[in-house]
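Heads up: the structure comes next, in C-alpha cells.
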Amino acid sequence: MLAKQLRRQQKRVLSLFSCLYVQNEIWNGPYSNDSFPIYAEDIDTGGDASPSTAMLSEVAHRLQITIVGGSIPERSGDRLYNTCCVFGTDGKLKAKHRKIHLFDIDIPGKITFKESNTLTAGENPTIVDTDIGRLGIGICYDIRFQELAVLYAARGAHLLCYPGAFNMTTGPLHWELLQRARAADNQLYVATCSPARDVGAGYVAWGHSTLVGPFGEVLATTEHDEAIVIAEVDYSLIEARRTSLPLERQKRGDLYQLVDVERLNSQSTK
Ligand SMILES: O=C(O)CCC(=O)C(=O)O
C-alpha cells in the first residue's frame with residue numbers, strides 16, 4: 001500500500017520536473033581488470049547481449065526521466081571499453097561515451113592501476129541534448145583533463161556528468177577539488193556519482209557523489225555510504241554567474257586558445 005502511494009507521489013513529482021538520474025562508474029561488476037572481460041556487454045547488439053543497458057532503458061522510459069547510466073565494460077568486436085550510455089525519457093539510447101582517458105597510474109605504496117591492460121580508450125568527446133539540457137559526459141579519470149570540460153562548455157553544455165569511482169588515495173584530495181574546479185572554471189553545473197565504499201572490495205571507492213553549481217559551490221553531496229543525492233538544478237544561475245564574472249569575454253584568445261579538433265576536421269572535409 002505504502003509502496004503504491006510512494007510510486008504515485010513519485011510519478012506526480014517526476015511529471016512536474018525534468019529529472020536526471022546519474023549512476024556510477026562500472027556498476028554491473030567489480031572494478032578490476034580481471035572482471036572487465038567477464039562483465040562486458042555488447043551494447044550495440046542490445047537486448048539479451050546487454051541486460052544492464054536494457055534495464056536502464058526500461059527505467060528511463062517507465063519513469064520518464066533522463067538517465068546518465070554510469071558505465072559498464074563494453075565489448076565491441078575484440079575490444080573492451082569503459083562506456084557510459086545516456087537514455088532519454090522515451091527509453092532510447094541518446095549517446096554513448098567511451099572513456100577517453102584511461103586510468104593508468106602508479107603511486108608507489110598506494111595505488112597502481114592500468115586500465116589499458118584490458119581497455120581501449122574512446123576517441124570522441126560526448127555532448128548530448130536531453131530533456132534536462134545539454135550534457136557533457138566524462139568518466140572518472142576524464143575529469144582530470146580540463147580541456148575536455150572547456151570544450152564541452154564551448155559547445156554549450158549546461159551540466160557535466162562524470163560517473164566515477166575515485167579511490168582512497170586520490171579521492172580525499174582531488175575528487176571534490178576537481179569537480180569544483182571544472183564547475184568554477186567553466187561556470188556550469190557538475191554532477192558526479194561514485195559507488196559507496198566497500199572496504200572488503202579489491203578496489204575501495206572514496207564515495208561522495210556530489211552536485212556542484214556554476215560558482216564552484218557544493219550544492220549537494222554525501223559521505224561514503226549508499227545514498228541517493230537529490231538536488232534541484234537552476235540553469236538561470238549559469239547566466240547570472242557569467243554576467244557577474246564575464247570570464248568568456250575576458251579570455252585572451254590572442255594569447256591562448258583551445259582547438260576543437262573534431263570541429264576543425266569536420267570543417268576541413270566540407
Ligand atoms: O583520477 C583518479 O584519481 C581516479 C580515477 C579513477 O579511479 C578512474 O578513472 O577509474
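Within each chain, counting starts at residue 1; across the C-alpha cells, chains are named A, B, ... in the order shown, with ligands numbered 1 upward in that order.
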
Exercise for review: Dump the neighbourhood of ligand 1 as a list of chain:residue names: all residues within 7 Å, distances computed on only C-alpha atoms and all ligand atoms.
Suggested key: A:Leu102, A:Phe103, A:Ile139, A:Cys140, A:Tyr141, A:Asp142, A:Arg144, A:Gly164, A:Ala165, A:Phe166, A:Asn167, A:Thr170, A:Gly171

Within 12 Å of His101 of chain A, counting only C-alpha atoms, which residues qualify if same-chain residues fewer than 2 places away don't, as a tab-separated table (two decimals) with C-alpha atoms, in the first residue's frame?
```tsv
chain	number	residue	atom	x	y	z
A	81	TYR	CA	35.72	-0.04	-23.49
A	82	ASN	CA	34.60	1.67	-20.29
A	83	THR	CA	31.29	3.04	-21.59
A	97	HIS	CA	30.60	7.84	-24.18
A	98	ARG	CA	33.66	5.62	-24.18
A	99	LYS	CA	36.14	6.76	-21.52
A	103	PHE	CA	43.20	5.32	-15.70
A	104	ASP	CA	46.85	4.28	-15.83
A	105	ILE	CA	48.58	5.43	-12.67
A	114	LYS	CA	46.41	0.14	-15.53
A	115	GLU	CA	43.09	0.15	-17.34
A	116	SER	CA	44.96	-0.05	-20.63
A	119	LEU	CA	40.54	-1.50	-22.09
A	120	THR	CA	40.80	0.65	-25.20
A	121	ALA	CA	40.37	4.42	-24.98
A	122	GLY	CA	37.38	6.08	-26.63
A	123	GLU	CA	38.00	8.53	-29.44
A	124	ASN	CA	35.19	11.05	-29.05
A	125	PRO	CA	34.06	13.72	-26.63
A	138	GLY	CA	33.16	12.13	-18.95
A	139	ILE	CA	34.05	9.04	-16.97
A	140	CYS	CA	36.09	9.31	-13.76
A	141	TYR	CA	39.72	9.96	-14.85
A	142	ASP	CA	38.30	12.11	-17.71
A	143	ILE	CA	37.53	14.74	-15.05
A	144	ARG	CA	41.26	15.44	-14.63
A	145	PHE	CA	41.56	16.77	-18.17
A	146	GLN	CA	40.36	20.35	-18.07
A	147	GLU	CA	40.46	20.79	-21.85
A	148	LEU	CA	37.62	18.31	-22.23
```

Practice item. Find the residues near Pro172 of chain A: any atom within 12 Å, counting only C-alpha atoms, skip ones fewer than 3 places away on the same chain, and give them as a ChimeraX atom specification. Key: /A:166-169,175-178,205-208,223-224

Practice item. Rank A:Tyr235, A:Leu135, A:Gly77, A:Asp106 by their smallest atom-to-atom distance to Lys94 of chain A, using only C-alpha atoms, and report the top residue only. Key: A:Leu135

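Interatomic distance, atom CA of Gly133 of chain A against atom CA of Leu20 of chain A: 9.8 Å.
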
**Study point:** Top pick for closest residue to Gln187 of chain A, considering A:Leu219, A:Val229, A:Gly136, A:Glu239 and counting only C-alpha atoms
**Key:**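 Closest to Gln187 of chain A of all the choices is A:Glu239.
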
Practice item. Identify all residues of segment 76-251 of chain A in helix (DSSP H, G or I) (DSSP on the backbone) and supply them as a ChimeraX atom specification. Key: /A:115-117,140-144,146-154,171-186,236-244,247-250

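Using only C-alpha atoms, the smallest distance between any of A:Gln250, A:Gln179, A:Gln23, A:Ser57 and Glu217 of chain A comes from A:Gln179.
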
Point to revise | Surrounding residues of Val259 of chain A excluding itself and chain neighbours under 4 positions, 10 Å, only C-alpha atoms, as a list in words | key: Glu147, Leu151, Arg263 and Leu264 of chain A

Review point. How many Å separate atom CA of Gly253 of chain A from atom CA of Ala153 of chain A?
Key: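 Between atom CA of Gly253 of chain A and atom CA of Ala153 of chain A the gap is 15.5 Å.
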
Exercise for review: Could you jot down the atom CA of Leu63 of chain A to atom CA of Thr45 of chain A separation for me, Å, one decimal place?
Suggested key: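 So the answer is 23.9 Å.
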
Return as a compact mmCIF listing (two decimals) with C-alpha atoms, in the first residue's frame the full set of residues in segment 19-243 of chain A whose backbone-based DSSP assignment is strand (DSSP E or B).
```txt
# COMPACT_ATOMS: atom_id res chain seq x y z
CA LEU A 20 18.05 13.33 -14.42
CA TYR A 21 19.46 10.27 -12.72
CA VAL A 22 23.24 9.69 -12.75
CA GLU A 41 28.24 -6.46 -22.56
CA THR A 66 16.87 11.07 -18.44
CA ILE A 67 19.50 8.60 -17.26
CA VAL A 68 23.26 9.01 -17.45
CA ILE A 72 29.86 -0.72 -17.76
CA PRO A 73 32.58 -2.60 -19.61
CA GLU A 74 31.51 -2.67 -23.26
CA ARG A 75 32.54 -5.41 -25.68
CA SER A 76 32.83 -4.31 -29.30
CA ARG A 79 37.92 -4.64 -27.85
CA LEU A 80 36.68 -3.58 -24.44
CA TYR A 81 35.72 -0.04 -23.49
CA ASN A 82 34.60 1.67 -20.29
CA THR A 83 31.29 3.04 -21.59
CA CYS A 84 28.55 5.33 -20.35
CA CYS A 85 25.12 5.25 -22.01
CA VAL A 86 22.67 8.13 -21.87
CA PHE A 87 18.97 7.32 -22.18
CA LEU A 93 19.84 5.46 -26.27
CA LYS A 94 20.82 9.06 -26.94
CA ALA A 95 24.58 8.85 -26.59
CA LYS A 96 27.40 6.50 -25.73
CA HIS A 97 30.60 7.84 -24.18
CA ARG A 98 33.66 5.62 -24.18
CA ASP A 104 46.85 4.28 -15.83
CA ILE A 105 48.58 5.43 -12.67
CA ASP A 106 51.27 4.30 -10.28
CA ILE A 107 51.54 5.91 -6.85
CA ILE A 111 47.70 2.54 -5.77
CA THR A 112 48.68 1.13 -9.12
CA PHE A 113 46.07 0.63 -11.80
CA LYS A 114 46.41 0.14 -15.53
CA THR A 126 30.34 13.25 -25.94
CA ILE A 127 27.88 16.08 -25.78
CA VAL A 128 24.18 15.29 -25.80
CA ASP A 129 20.94 17.30 -25.84
CA THR A 130 18.37 15.94 -23.41
CA GLY A 133 19.60 20.41 -21.08
CA ARG A 134 22.86 19.92 -22.91
CA LEU A 135 25.12 17.45 -21.13
CA GLY A 136 28.85 16.85 -21.49
CA ILE A 137 29.89 13.35 -20.44
CA LEU A 159 25.87 20.28 -16.96
CA LEU A 160 28.90 18.00 -16.99
CA CYS A 161 28.27 14.47 -15.71
CA TYR A 162 31.14 12.33 -14.52
CA PRO A 163 30.22 8.85 -13.35
CA ASN A 167 39.94 5.71 -4.62
CA TYR A 189 26.97 22.54 -13.23
CA VAL A 190 28.95 19.38 -12.49
CA ALA A 191 27.32 16.17 -11.26
CA THR A 192 29.26 13.12 -10.15
CA CYS A 193 28.30 9.69 -8.90
CA ALA A 205 35.94 3.64 -3.62
CA THR A 210 28.17 15.42 -5.47
CA LEU A 211 26.44 18.22 -7.35
CA VAL A 212 28.39 21.46 -7.84
CA VAL A 218 28.83 22.28 -3.49
CA LEU A 219 25.02 22.14 -3.70
CA ALA A 220 24.52 18.61 -2.50
CA THR A 221 26.79 15.77 -1.50
```

Give me, as a Markdown table, each residue of segment 142-220 of chain A that comes within 9 Å of segment 28-39 of chain A, together with its shortest interatomic pair and the distance in Å at one decimal, counting only C-alpha atoms, with rows ordered by chain and rising residue number.
```
| residue | atom | partner | partner_atom | distance |
| --- | --- | --- | --- | --- |
| A:Ala165 | CA | A:Tyr31 | CA | 8.6 |
| A:Ala201 | CA | A:Pro30 | CA | 8.1 |
| A:Gly202 | CA | A:Ser32 | CA | 7.6 |
| A:Tyr203 | CA | A:Tyr31 | CA | 6.4 |
```

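Checking A:Val59, A:Asp234, A:Thr89, A:Leu258 one by one against Tyr152 of chain A, counting only C-alpha atoms, you find the shortest gap at A:Leu258.
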
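Each of A:Ser50, A:Gln257, A:Ser71, A:Ser209 was compared to Ala154 of chain A using only C-alpha atoms, and A:Gln257 turns out to be the nearest.
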